[in-house]
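Visitor: Structure file my_file_4.tsv, TSV, C-alpha atoms and all ligand atoms, is pasted below:
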```tsv
chain	number	residue	atom	x	y	z
A	1	MET	CA	-35.72	12.12	-3.52
A	2	VAL	CA	-36.11	10.36	-0.16
A	3	PHE	CA	-39.37	8.90	-1.45
A	4	ALA	CA	-37.67	7.59	-4.65
A	5	ARG	CA	-34.86	5.98	-2.62
A	6	LEU	CA	-37.40	4.34	-0.28
A	7	THR	CA	-39.37	2.98	-3.27
A	8	SER	CA	-36.26	1.41	-4.78
A	9	LEU	CA	-35.29	-0.10	-1.40
A	10	VAL	CA	-38.76	-1.63	-1.14
A	11	SER	CA	-38.51	-3.09	-4.67
A	12	ILE	CA	-35.09	-4.60	-3.93
A	13	ALA	CA	-36.53	-6.17	-0.78
A	14	LEU	CA	-39.50	-7.51	-2.77
A	15	ILE	CA	-37.28	-9.02	-5.47
A	16	ALA	CA	-35.04	-10.59	-2.80
A	17	SER	CA	-38.02	-12.12	-0.98
A	18	GLN	CA	-39.48	-13.47	-4.26
A	19	ALA	CA	-36.10	-15.07	-5.09
A	20	ALA	CA	-35.99	-16.68	-1.64
A	21	GLY	CA	-39.54	-17.98	-2.16
A	22	ALA	CA	-38.57	-19.41	-5.54
A	23	ALA	CA	-35.58	-21.16	-3.95
A	24	LEU	CA	-37.84	-22.67	-1.29
A	25	THR	CA	-40.25	-24.08	-3.86
A	26	LYS	CA	-37.57	-25.21	-6.34
A	27	ARG	CA	-38.63	-28.39	-8.10
A	28	VAL	CA	-36.62	-30.85	-10.18
A	29	THR	CA	-38.11	-33.03	-12.91
A	30	CYS	CA	-36.42	-36.45	-12.94
A	31	SER	CA	-35.82	-38.47	-16.14
A	32	THR	CA	-38.71	-40.70	-15.01
A	33	GLY	CA	-41.02	-37.67	-15.15
A	34	HIS	CA	-41.40	-37.48	-11.36
A	35	VAL	CA	-41.14	-34.05	-9.79
A	36	THR	CA	-39.19	-33.71	-6.55
A	37	ALA	CA	-37.45	-31.18	-4.35
A	38	ASP	CA	-33.88	-32.34	-4.92
A	39	ALA	CA	-32.19	-34.15	-7.83
A	40	ALA	CA	-30.67	-36.59	-5.31
A	41	CYS	CA	-34.18	-37.98	-4.68
A	42	CYS	CA	-34.75	-39.00	-8.35
A	43	LYS	CA	-33.08	-42.39	-7.94
A	44	LEU	CA	-35.59	-43.28	-5.21
A	45	PHE	CA	-38.75	-43.32	-7.36
A	46	PRO	CA	-37.95	-46.66	-9.11
A	47	ILE	CA	-36.82	-48.05	-5.73
A	48	VAL	CA	-40.17	-47.12	-4.20
A	49	ASP	CA	-41.92	-49.12	-6.96
A	50	GLN	CA	-39.56	-52.03	-6.38
A	51	ILE	CA	-40.19	-52.05	-2.61
A	52	GLN	CA	-43.95	-51.93	-3.22
A	53	GLN	CA	-43.69	-54.89	-5.59
A	54	ASP	CA	-41.12	-57.07	-3.83
A	55	LEU	CA	-41.94	-56.36	-0.19
A	56	PHE	CA	-45.52	-55.15	0.08
A	57	ASP	CA	-47.32	-57.36	-2.49
A	58	GLY	CA	-47.97	-54.42	-4.80
A	59	GLY	CA	-48.86	-51.86	-2.14
A	60	GLU	CA	-50.76	-53.68	0.63
A	61	CYS	CA	-51.22	-52.73	4.27
A	62	GLY	CA	-50.48	-56.28	5.38
A	63	GLU	CA	-48.14	-58.10	7.72
A	64	GLU	CA	-44.97	-56.78	5.99
A	65	ALA	CA	-46.16	-53.16	6.10
A	66	HIS	CA	-47.01	-53.46	9.82
A	67	SER	CA	-43.68	-55.08	10.60
A	68	ALA	CA	-41.73	-52.52	8.57
A	69	LEU	CA	-43.09	-49.81	10.87
A	70	ARG	CA	-42.26	-51.81	14.00
A	71	LEU	CA	-38.75	-52.42	12.63
A	72	ALA	CA	-38.20	-48.67	12.14
A	73	PHE	CA	-39.00	-48.14	15.83
A	74	HIS	CA	-36.78	-50.97	17.08
A	75	ASP	CA	-33.92	-49.72	14.90
A	76	ALA	CA	-34.15	-46.04	15.80
A	77	ILE	CA	-34.84	-46.26	19.52
A	78	GLY	CA	-31.40	-47.79	20.16
A	79	PHE	CA	-30.20	-44.27	20.83
A	80	SER	CA	-29.70	-41.88	23.72
A	81	ILE	CA	-29.52	-38.09	23.68
A	82	HIS	CA	-26.88	-38.57	26.40
A	83	GLY	CA	-24.72	-40.79	24.17
A	84	GLY	CA	-23.37	-44.23	24.97
A	85	LYS	CA	-26.07	-46.23	23.14
A	86	GLY	CA	-26.50	-47.06	19.43
A	87	GLY	CA	-26.45	-45.00	16.24
A	88	GLY	CA	-30.23	-44.43	16.15
A	89	ALA	CA	-32.05	-44.66	12.82
A	90	ASP	CA	-29.08	-46.25	11.10
A	91	GLY	CA	-30.36	-49.64	9.91
A	92	SER	CA	-28.16	-51.51	12.39
A	93	ILE	CA	-31.01	-53.91	13.15
A	94	LEU	CA	-30.98	-55.03	9.51
A	95	VAL	CA	-27.26	-55.73	9.10
A	96	PHE	CA	-26.31	-56.62	12.66
A	97	ASN	CA	-29.44	-58.75	12.84
A	98	ALA	CA	-27.75	-61.72	14.49
A	99	THR	CA	-26.88	-59.51	17.49
A	100	GLU	CA	-30.02	-57.36	17.74
A	101	GLU	CA	-32.43	-60.24	17.15
A	102	SER	CA	-31.07	-62.01	20.20
A	103	PHE	CA	-32.50	-59.21	22.39
A	104	HIS	CA	-35.73	-60.28	24.09
A	105	ALA	CA	-37.64	-57.16	22.99
A	106	ASN	CA	-36.92	-57.99	19.35
A	107	GLY	CA	-38.87	-61.26	19.42
A	108	GLY	CA	-40.42	-61.96	16.01
A	109	ILE	CA	-38.34	-59.26	14.25
A	110	ASP	CA	-36.34	-61.93	12.36
A	111	ASP	CA	-39.36	-62.53	10.05
A	112	ILE	CA	-39.23	-58.99	8.68
A	113	THR	CA	-35.44	-58.62	8.60
A	114	SER	CA	-35.15	-61.81	6.55
A	115	ARG	CA	-37.98	-60.61	4.25
A	116	GLN	CA	-36.34	-57.21	3.82
A	117	PHE	CA	-32.72	-58.28	3.45
A	118	PRO	CA	-32.74	-59.49	-0.21
A	119	VAL	CA	-34.82	-56.47	-1.30
A	120	PHE	CA	-32.43	-54.18	0.58
A	121	GLN	CA	-29.48	-55.73	-1.29
A	122	GLU	CA	-31.18	-55.26	-4.68
A	123	THR	CA	-31.78	-51.55	-4.07
A	124	GLY	CA	-28.18	-50.59	-3.27
A	125	LEU	CA	-29.36	-48.18	-0.54
A	126	THR	CA	-27.65	-48.04	2.84
A	127	PRO	CA	-29.41	-50.16	5.50
A	128	GLY	CA	-30.76	-47.10	7.32
A	129	ASP	CA	-32.12	-45.43	4.19
A	130	PHE	CA	-33.70	-48.68	3.02
A	131	LEU	CA	-35.32	-49.59	6.34
A	132	HIS	CA	-36.72	-46.12	7.04
A	133	LEU	CA	-37.93	-45.66	3.45
A	134	ALA	CA	-39.64	-49.06	3.63
A	135	ALA	CA	-41.37	-48.01	6.88
A	136	ALA	CA	-42.67	-44.80	5.29
A	137	ILE	CA	-43.91	-46.66	2.20
A	138	GLY	CA	-45.47	-49.53	4.17
A	139	THR	CA	-47.32	-47.09	6.43
A	140	SER	CA	-48.59	-45.17	3.38
A	141	ASN	CA	-50.26	-48.37	2.18
A	142	CYS	CA	-52.66	-48.21	5.14
A	143	ALA	CA	-55.75	-46.09	4.48
A	144	GLY	CA	-55.97	-43.16	6.86
A	145	ALA	CA	-52.21	-43.03	7.55
A	146	PRO	CA	-50.23	-39.81	7.41
A	147	ARG	CA	-47.78	-39.42	4.54
A	148	LEU	CA	-44.60	-39.89	6.58
A	149	LYS	CA	-41.52	-37.85	5.75
A	150	PHE	CA	-38.39	-39.46	4.36
A	151	PHE	CA	-34.91	-38.03	4.72
A	152	PHE	CA	-32.17	-39.55	2.58
A	153	GLY	CA	-28.43	-40.03	3.01
A	154	ARG	CA	-27.72	-42.12	6.10
A	155	PRO	CA	-24.23	-43.64	6.21
A	156	ALA	CA	-23.84	-47.37	6.89
A	157	PRO	CA	-24.22	-48.27	10.59
A	158	LEU	CA	-21.04	-48.78	12.56
A	159	ALA	CA	-22.21	-51.22	15.23
A	160	PRO	CA	-25.30	-52.93	16.62
A	161	ALA	CA	-27.39	-51.07	19.19
A	162	PRO	CA	-26.92	-52.35	22.74
A	163	ASP	CA	-29.60	-54.46	24.44
A	164	LEU	CA	-32.37	-53.00	26.65
A	165	THR	CA	-33.16	-49.95	24.53
A	166	VAL	CA	-36.52	-51.24	23.17
A	167	PRO	CA	-39.42	-50.98	25.65
A	168	GLU	CA	-41.19	-54.24	26.54
A	169	PRO	CA	-44.92	-54.74	27.17
A	170	THR	CA	-44.07	-55.95	30.70
A	171	ASP	CA	-42.33	-52.64	31.56
A	172	SER	CA	-43.88	-50.08	33.91
A	173	VAL	CA	-45.12	-46.74	32.55
A	174	THR	CA	-42.34	-45.02	34.50
A	175	SER	CA	-39.66	-47.09	32.84
A	176	ILE	CA	-41.24	-46.76	29.37
A	177	LEU	CA	-41.48	-42.96	29.68
A	178	ALA	CA	-37.91	-42.82	31.01
A	179	ARG	CA	-36.63	-44.80	28.01
A	180	PHE	CA	-38.49	-42.52	25.59
A	181	ALA	CA	-37.15	-39.45	27.42
A	182	ASP	CA	-33.61	-40.84	27.20
A	183	ALA	CA	-34.08	-41.05	23.42
A	184	GLY	CA	-35.42	-37.47	23.35
A	185	PHE	CA	-39.21	-38.02	23.35
A	186	SER	CA	-41.80	-36.45	25.67
A	187	ALA	CA	-44.75	-38.41	27.08
A	188	ARG	CA	-46.94	-36.72	24.44
A	189	GLU	CA	-44.63	-37.94	21.67
A	190	ALA	CA	-44.48	-41.44	23.16
A	191	VAL	CA	-48.29	-41.71	23.12
A	192	ALA	CA	-48.33	-40.28	19.58
A	193	LEU	CA	-45.92	-43.00	18.45
A	194	LEU	CA	-48.24	-45.63	19.92
A	195	SER	CA	-50.79	-44.68	17.23
A	196	SER	CA	-48.77	-47.26	15.27
A	197	HIS	CA	-50.58	-49.96	17.24
A	198	THR	CA	-53.65	-49.22	15.09
A	199	ILE	CA	-51.95	-51.29	12.34
A	200	ALA	CA	-50.41	-53.88	14.65
A	201	ALA	CA	-50.69	-57.48	15.66
A	202	ALA	CA	-48.72	-59.82	17.92
A	203	ASP	CA	-47.01	-63.02	16.81
A	204	THR	CA	-44.91	-63.82	19.83
A	205	ILE	CA	-46.86	-62.74	22.93
A	206	ASP	CA	-48.99	-65.86	22.54
A	207	PRO	CA	-47.35	-68.01	19.86
A	208	THR	CA	-50.47	-70.20	19.58
A	209	ILE	CA	-52.34	-67.30	17.92
A	210	PRO	CA	-49.90	-65.49	15.55
A	211	GLY	CA	-51.14	-62.29	13.91
A	212	THR	CA	-53.59	-61.36	16.68
A	213	PRO	CA	-54.50	-57.66	16.14
A	214	PHE	CA	-54.51	-54.90	18.77
A	215	ASP	CA	-57.76	-53.43	17.42
A	216	SER	CA	-60.70	-54.49	15.28
A	217	THR	CA	-59.50	-52.49	12.21
A	218	VAL	CA	-55.88	-53.60	11.80
A	219	GLY	CA	-55.83	-52.77	8.08
A	220	THR	CA	-56.62	-49.08	8.54
A	221	PHE	CA	-54.77	-46.28	10.30
A	222	ASP	CA	-57.68	-45.01	12.39
A	223	THR	CA	-58.11	-44.09	16.07
A	224	GLN	CA	-59.91	-47.35	16.93
A	225	VAL	CA	-57.01	-48.68	19.02
A	226	PHE	CA	-57.26	-45.70	21.40
A	227	LEU	CA	-60.93	-46.58	22.02
A	228	GLU	CA	-60.60	-50.35	22.25
A	229	VAL	CA	-57.69	-50.33	24.73
A	230	LEU	CA	-60.03	-48.46	27.12
A	231	LEU	CA	-62.86	-51.03	26.90
A	232	ASN	CA	-63.20	-53.27	29.95
A	233	GLY	CA	-61.42	-56.56	29.29
A	234	SER	CA	-63.00	-59.97	29.86
A	235	LEU	CA	-60.99	-62.67	28.04
A	236	PHE	CA	-57.63	-63.87	26.75
A	237	PRO	CA	-57.79	-64.54	23.01
A	238	GLY	CA	-55.48	-67.59	22.99
A	239	ASN	CA	-53.80	-69.94	25.39
A	240	GLY	CA	-54.61	-68.11	28.65
A	241	SER	CA	-52.65	-65.26	30.21
A	242	GLN	CA	-49.18	-64.52	28.79
A	243	ALA	CA	-46.40	-62.16	29.90
A	244	GLY	CA	-47.11	-58.66	28.59
A	245	GLU	CA	-50.78	-59.41	27.90
A	246	VAL	CA	-53.87	-58.34	29.85
A	247	LEU	CA	-57.59	-59.13	29.46
A	248	SER	CA	-59.00	-58.14	26.08
A	249	PRO	CA	-62.58	-57.01	25.31
A	250	LEU	CA	-62.91	-59.00	22.07
A	251	HIS	CA	-62.35	-62.51	20.83
A	252	GLY	CA	-59.38	-62.50	18.47
A	253	GLU	CA	-57.94	-59.25	19.88
A	254	MET	CA	-54.70	-58.94	21.88
A	255	ARG	CA	-54.23	-56.25	24.49
A	256	LEU	CA	-50.71	-55.32	25.57
A	257	GLN	CA	-50.18	-54.62	29.25
A	258	SER	CA	-48.12	-51.53	28.32
A	259	ASP	CA	-50.91	-50.04	26.16
A	260	PHE	CA	-53.42	-50.80	28.94
A	261	LEU	CA	-51.31	-49.02	31.58
A	262	ILE	CA	-50.37	-46.03	29.41
A	263	ALA	CA	-54.06	-45.51	28.54
A	264	ARG	CA	-54.87	-45.32	32.28
A	265	ASP	CA	-51.83	-43.63	33.84
A	266	PRO	CA	-52.43	-40.06	35.10
A	267	ARG	CA	-49.39	-38.85	33.11
A	268	THR	CA	-50.70	-40.17	29.80
A	269	ALA	CA	-54.45	-40.95	30.09
A	270	CYS	CA	-55.63	-37.63	28.60
A	271	LEU	CA	-53.00	-37.77	25.83
A	272	TRP	CA	-54.45	-41.19	25.02
A	273	GLN	CA	-58.14	-40.32	25.27
A	274	GLU	CA	-57.94	-37.09	23.24
A	275	LYS	CA	-56.99	-39.08	20.14
A	276	ILE	CA	-60.21	-41.12	20.17
A	277	ASN	CA	-62.12	-40.15	17.01
A	278	ASN	CA	-59.72	-37.24	16.43
A	279	GLN	CA	-57.98	-38.50	13.31
A	280	ALA	CA	-56.40	-35.13	12.48
A	281	LEU	CA	-54.78	-34.81	15.91
A	282	MET	CA	-53.51	-38.39	15.85
A	283	LEU	CA	-52.06	-37.98	12.37
A	284	SER	CA	-50.30	-34.70	12.97
A	285	GLU	CA	-48.74	-35.86	16.26
A	286	PHE	CA	-47.76	-39.26	14.86
A	287	LYS	CA	-46.23	-37.76	11.73
A	288	ALA	CA	-44.18	-35.24	13.72
A	289	ALA	CA	-42.93	-37.86	16.19
A	290	MET	CA	-42.08	-40.33	13.40
A	291	SER	CA	-40.19	-37.65	11.53
A	292	LYS	CA	-38.04	-37.17	14.65
A	293	LEU	CA	-37.68	-40.92	15.29
A	294	GLN	CA	-36.60	-41.76	11.75
A	295	VAL	CA	-33.62	-39.38	11.82
A	296	LEU	CA	-32.33	-40.07	15.35
A	297	GLY	CA	-28.54	-39.90	15.35
A	298	GLN	CA	-28.39	-38.78	11.70
A	299	LYS	CA	-27.26	-35.51	10.13
A	300	ASN	CA	-26.94	-33.79	6.72
A	301	LEU	CA	-29.88	-35.67	5.18
A	302	VAL	CA	-31.79	-34.52	2.08
A	303	ASP	CA	-35.57	-34.11	2.35
A	304	CYS	CA	-36.98	-36.64	-0.14
A	305	SER	CA	-40.45	-36.80	1.41
A	306	ASP	CA	-42.13	-36.40	-1.97
A	307	VAL	CA	-41.07	-39.93	-2.98
A	308	VAL	CA	-43.43	-41.36	-0.31
A	309	PRO	CA	-46.78	-42.48	-1.78
A	310	VAL	CA	-49.87	-40.50	-0.75
A	311	PRO	CA	-52.10	-42.66	1.51
A	312	LYS	CA	-55.85	-42.99	0.97
A	313	THR	CA	-57.85	-40.89	3.41
A	314	LEU	CA	-60.59	-42.12	5.76
A	315	SER	CA	-63.82	-40.30	6.45
A	316	GLY	CA	-66.49	-40.61	9.09
A	317	SER	CA	-66.39	-41.40	12.79
A	318	ILE	CA	-65.07	-44.52	14.43
A	319	LYS	CA	-67.61	-46.70	16.26
A	320	TYR	CA	-67.78	-49.02	19.24
A	321	PRO	CA	-67.42	-52.64	18.14
A	322	ALA	CA	-70.84	-54.33	17.99
A	323	SER	CA	-72.45	-54.85	21.44
A	324	PHE	CA	-70.21	-52.23	23.18
A	325	SER	CA	-71.07	-48.73	24.37
A	326	GLN	CA	-69.73	-46.01	26.64
A	327	SER	CA	-70.79	-48.03	29.69
A	328	ASP	CA	-68.00	-50.50	28.80
A	329	VAL	CA	-65.30	-47.80	28.84
A	330	ASP	CA	-62.81	-47.58	31.69
A	331	ILE	CA	-62.56	-43.78	31.61
A	332	ALA	CA	-59.20	-42.66	33.04
A	333	CYS	CA	-59.05	-39.02	31.91
A	334	THR	CA	-61.60	-36.93	33.76
A	335	ASP	CA	-60.35	-33.55	32.50
A	336	LEU	CA	-61.80	-34.00	29.00
A	337	PRO	CA	-65.27	-35.02	27.83
A	338	PHE	CA	-65.44	-38.54	26.44
A	339	PRO	CA	-66.47	-38.49	22.75
A	340	SER	CA	-69.95	-39.67	21.91
A	341	LEU	CA	-69.81	-42.58	19.44
A	342	ALA	CA	-72.26	-44.91	17.72
A	343	THR	CA	-72.01	-48.71	17.87
A	344	VAL	CA	-71.58	-51.11	14.94
A	345	ALA	CA	-74.77	-53.17	14.52
A	346	GLY	CA	-74.91	-56.89	15.23
A	347	PRO	CA	-73.41	-59.37	17.69
A	348	ALA	CA	-69.95	-58.93	19.29
A	349	PRO	CA	-67.33	-59.70	16.63
A	350	THR	CA	-64.41	-62.14	16.62
A	351	ILE	CA	-61.44	-60.34	15.10
A	352	PRO	CA	-59.67	-62.41	12.43
A	353	PRO	CA	-55.86	-62.74	12.53
A	354	VAL	CA	-53.68	-60.81	10.07
A	355	PRO	CA	-53.09	-63.14	7.08
A	356	GLY	CA	-49.53	-64.35	6.54
A	357	SER	CA	-48.46	-63.94	10.18
B	1	LIG	C1	-44.24	-48.71	24.90
B	1	LIG	C2	-43.66	-48.97	23.75
B	1	LIG	C3	-43.98	-50.18	22.95
B	1	LIG	C4	-44.13	-51.48	23.34
B	1	LIG	C5	-44.00	-52.04	24.75
B	1	LIG	C6	-44.48	-52.24	22.16
B	1	LIG	C7	-44.70	-53.59	22.13
B	1	LIG	C8	-45.11	-54.31	21.03
B	1	LIG	C9	-45.33	-55.74	21.02
B	1	LIG	C10	-45.13	-56.66	22.19
B	1	LIG	C11	-45.75	-56.06	19.77
B	1	LIG	C12	-46.11	-57.45	19.28
B	1	LIG	C13	-44.86	-58.18	18.85
B	1	LIG	C14	-45.19	-59.62	18.47
B	1	LIG	O1	-45.54	-60.38	19.35
B	1	LIG	O2	-45.14	-59.94	17.26
B	1	LIG	C15	-45.77	-54.86	19.00
B	1	LIG	C16	-46.15	-54.79	17.69
B	1	LIG	C17	-46.03	-53.66	16.94
B	1	LIG	N1	-45.52	-52.45	17.34
B	1	LIG	FE1	-45.11	-51.90	19.21
B	1	LIG	N2	-44.53	-51.41	21.08
B	1	LIG	C18	-44.22	-50.14	21.52
B	1	LIG	C19	-44.11	-49.01	20.75
B	1	LIG	C20	-44.20	-49.02	19.38
B	1	LIG	C21	-43.84	-47.91	18.54
B	1	LIG	C22	-43.32	-46.58	19.07
B	1	LIG	C23	-44.05	-48.29	17.25
B	1	LIG	C24	-43.86	-47.53	15.98
B	1	LIG	C25	-43.65	-46.25	15.91
B	1	LIG	C26	-44.59	-49.64	17.30
B	1	LIG	C27	-45.04	-50.34	16.22
B	1	LIG	C28	-45.54	-51.63	16.27
B	1	LIG	C29	-46.14	-52.28	15.14
B	1	LIG	C30	-46.44	-51.66	13.78
B	1	LIG	C31	-46.42	-53.58	15.55
B	1	LIG	C32	-47.08	-54.69	14.73
B	1	LIG	C33	-46.08	-55.51	13.97
B	1	LIG	C34	-46.80	-56.58	13.17
B	1	LIG	O3	-48.03	-56.61	13.16
B	1	LIG	O4	-46.12	-57.36	12.53
B	1	LIG	N3	-44.63	-50.05	18.60
B	1	LIG	N4	-45.38	-53.80	19.79
```
Now, as a test, write the supplied structure out as structure tokens.
Ligand code: HEM

Guide:
Amino acid sequence: MVFARLTSLVSIALIASQAAGAALTKRVTCSTGHVTADAACCKLFPIVDQIQQDLFDGGECGEEAHSALRLAFHDAIGFSIHGGKGGGADGSILVFNATEESFHANGGIDDITSRQFPVFQETGLTPGDFLHLAAAIGTSNCAGAPRLKFFFGRPAPLAPAPDLTVPEPTDSVTSILARFADAGFSAREAVALLSSHTIAAADTIDPTIPGTPFDSTVGTFDTQVFLEVLLNGSLFPGNGSQAGEVLSPLHGEMRLQSDFLIARDPRTACLWQEKINNQALMLSEFKAAMSKLQVLGQKNLVDCSDVVPVPKTLSGSIKYPASFSQSDVDIACTDLPFPSLATVAGPAPTIPPVPGS
């Protein structure tokens, strides 16, 4: 009798747990044939195609994709866990552009806000949903990138973010880490977010050389930037030394003072070095930190991550640019072994600018 009662209790528990599992994996088929987690996401699939066509030249990892990611950061970081700053990942930088673009740290952002604005209007999304969806799609166009999450349902922003929330390349590591901490990010998460500089170039640091990349593989989301920022610098790629810039190892490459310092600071050097040639670590930390960044200040969002395109993967190890080797590395983390890497064959390269910058 006791045994029979126990058996039926176990079967009830099993049925209940199977039902819960089914609820977790519930899928909806949209009229377009796409399968997604929530019916509310269905309307996004045609919008993703439209953004790819109208903003990213049919799905490229070019200037607009890079800038869309930078824009997501500059929008979201206008936030404090202590209150009193902006609304976070709310799209305020897109609609209150006249105010936010006047901030020094937002130099060059007007190019991407004016590119995005007409596409944003066509889609009918709120500014925050549009901007953060565009960042996830643009990033997915870069081979090697993680498939970023996308959460849907941000209300329209109420006000611009205040000035002095976006870190500058002339800032000290202490002030950069303090700003990230104020927005809710640890030093580990801050370094993870800087993986973005693997698909980045500068237009405004030295305006004589727009589109100057931060690493030799600006079109792929690899760990090359973590290696190249540690190479000993010897030259300025453009019109001499500029504010926020330090010596670079390669012709055509720009090195930010902030990246240089973070790569060498005792608080962050090992977090930086451990990502070199560790694509999986970089991707998982970047994806987690982005997923936090892109919902700062937001609540009650629907997980529509399955509308984000799946990026191409990369295989193989990264390499030293031609003519460089470990003897050119300024090793700042002595707690971890430095990875052993091969060198690209040939003479030292000159890195071409990003087209369209
Ligand atoms: C310490 C914090 C950071 C500083 C000081 C910094 C600084 C900069 C600067 C000065 C540029 C070049 C702007 C120009 O001259 O056109 C840049 C580009 C860029 N940044 Fe950052 N950044 C930081 C963190 C981030 C984060 C957290 C992200 C994204 C999650 C990000 C994404 C990008 C991207 C994608 C670009 C390239 C944009 C393009 O090529 O058009 N940055 N950053």

Visitor: Write as a list in words the residues around ligand LIG 1 (chain B), taking 6 Å as the cut-off and counting only C-alpha atoms and all ligand atoms.

Guide: Glu63, His66, Ser67, Leu69, Arg70, Phe73, Gly108, Pro167, Glu168, Pro169, Ile176, Leu193, Leu194, Ser196, His197, Ile199, Ala200, Ala201, Ala202, Asp203, Thr204, Ile205 and Ser258 of chain A

Visitor: Considering only C-alpha atoms, state which residue in the set A:Ile51, A:Leu125, A:Cys270, A:Leu296 is at the smallest distance from A:Phe152.

Guide: A:Leu125

Visitor: What lies within 10 Å of stretch 328-333 of chain A using only C-alpha atoms, ignoring chain neighbours under 2 positions off, as number ranges by chain?

Guide: A: 227-233, 249, 263-274, 320, 323-326, 335-338

Visitor: Please determine, counting all atoms listed in the file, which residue among A:Ser315, A:Thr350, A:Thr343, A:Asn239 has the shortest atom-to-atom distance to A:Pro207.

Guide: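 Checking each of A:Ser315, A:Thr350, A:Thr343, A:Asn239 against A:Pro207, counting all atoms listed in the file, the winner is A:Asn239.
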
Visitor: For A:Ile112, work out the shell of residues within 12 Å, counting only C-alpha atoms and skipping chain neighbours fewer than 3 positions away, then give it as a PDB file with C-alpha atoms, keeping the file's coordinate frame.

Guide:
```
ATOM      1  CA  LEU A  55     -41.940 -56.360  -0.190  1.00  0.00           C
ATOM      2  CA  PHE A  56     -45.520 -55.150   0.080  1.00  0.00           C
ATOM      3  CA  GLU A  63     -48.140 -58.100   7.720  1.00  0.00           C
ATOM      4  CA  GLU A  64     -44.970 -56.780   5.990  1.00  0.00           C
ATOM      5  CA  ALA A  65     -46.160 -53.160   6.100  1.00  0.00           C
ATOM      6  CA  HIS A  66     -47.010 -53.460   9.820  1.00  0.00           C
ATOM      7  CA  SER A  67     -43.680 -55.080  10.600  1.00  0.00           C
ATOM      8  CA  ALA A  68     -41.730 -52.520   8.570  1.00  0.00           C
ATOM      9  CA  LEU A  69     -43.090 -49.810  10.870  1.00  0.00           C
ATOM     10  CA  ARG A  70     -42.260 -51.810  14.000  1.00  0.00           C
ATOM     11  CA  LEU A  71     -38.750 -52.420  12.630  1.00  0.00           C
ATOM     12  CA  ALA A  72     -38.200 -48.670  12.140  1.00  0.00           C
ATOM     13  CA  HIS A  74     -36.780 -50.970  17.080  1.00  0.00           C
ATOM     14  CA  ILE A  93     -31.010 -53.910  13.150  1.00  0.00           C
ATOM     15  CA  LEU A  94     -30.980 -55.030   9.510  1.00  0.00           C
ATOM     16  CA  ASN A  97     -29.440 -58.750  12.840  1.00  0.00           C
ATOM     17  CA  GLU A 101     -32.430 -60.240  17.150  1.00  0.00           C
ATOM     18  CA  ASN A 106     -36.920 -57.990  19.350  1.00  0.00           C
ATOM     19  CA  GLY A 107     -38.870 -61.260  19.420  1.00  0.00           C
ATOM     20  CA  GLY A 108     -40.420 -61.960  16.010  1.00  0.00           C
ATOM     21  CA  ILE A 109     -38.340 -59.260  14.250  1.00  0.00           C
ATOM     22  CA  ARG A 115     -37.980 -60.610   4.250  1.00  0.00           C
ATOM     23  CA  GLN A 116     -36.340 -57.210   3.820  1.00  0.00           C
ATOM     24  CA  PHE A 117     -32.720 -58.280   3.450  1.00  0.00           C
ATOM     25  CA  PRO A 118     -32.740 -59.490  -0.210  1.00  0.00           C
ATOM     26  CA  VAL A 119     -34.820 -56.470  -1.300  1.00  0.00           C
ATOM     27  CA  PHE A 120     -32.430 -54.180   0.580  1.00  0.00           C
ATOM     28  CA  LEU A 131     -35.320 -49.590   6.340  1.00  0.00           C
ATOM     29  CA  ALA A 134     -39.640 -49.060   3.630  1.00  0.00           C
ATOM     30  CA  ALA A 135     -41.370 -48.010   6.880  1.00  0.00           C
ATOM     31  CA  ASP A 203     -47.010 -63.020  16.810  1.00  0.00           C
ATOM     32  CA  GLY A 356     -49.530 -64.350   6.540  1.00  0.00           C
ATOM     33  CA  SER A 357     -48.460 -63.940  10.180  1.00  0.00           C
TER      34      SER A 357
END
```

Visitor: Leaving out A:Gly128 and any residue of its chain fewer than 6 positions from it, which residues lie within 8 Å of it when counting all atoms listed in the file, given as a list in words?

Guide: Ala89, Asp90, Gly91, Ser92, Arg154, Pro155, Ala156 and Pro157 of chain A

Visitor: Do you have the atom CA of A:Pro160-atom CA of A:Phe96 distance handy?

Guide: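 Computed distance, atom CA of A:Pro160 to atom CA of A:Phe96, equals 5.5 Å.
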
Visitor: Find the distance between atom CA of A:Glu285 and atom CA of A:Thr36 and write it in Å to one decimal.

Guide: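 Going from atom CA of A:Glu285 over to atom CA of A:Thr36 covers 24.8 Å.
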
Visitor: I'd like the neighbourhood of stretch 220-222 of chain A as a list of chain:residue names, where a residue qualifies if any of its atoms comes within 7 Å (using only C-alpha atoms), though same-chain residues fewer than 6 positions away should be ignored.

Guide: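 Final neighbour list, sorted by chain and number: A:Cys142, A:Ala143, A:Gly144, A:Ala145, A:Thr198, A:Ile199, A:Gln279.
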
Visitor: Write the residues of the preceding selection, restricted to C-alpha atoms, as a CSV table (one decimal), in the coordinates of the input.

Guide:
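In the end it all went to out11.csv:
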```
chain,number,residue,atom,x,y,z
A,142,CYS,CA,-52.7,-48.2,5.1
A,143,ALA,CA,-55.8,-46.1,4.5
A,144,GLY,CA,-56.0,-43.2,6.9
A,145,ALA,CA,-52.2,-43.0,7.6
A,198,THR,CA,-53.6,-49.2,15.1
A,199,ILE,CA,-52.0,-51.3,12.3
A,279,GLN,CA,-58.0,-38.5,13.3
```

Visitor: Hey, which of A:Ala280, A:Ile47, A:Leu133, A:Val191 ends up closest to A:Leu261? Count all atoms listed in the file.

Guide: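 Looking at the shortest contact to A:Leu261, the residue is A:Val191.
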
Visitor: As a ChimeraX atom specification, please: the residues near A:Asp206 (cut-off 12 Å, only C-alpha atoms, same-chain neighbours under 6 positions excluded).

Guide: /A:107-108,212-213,236-246,252-256
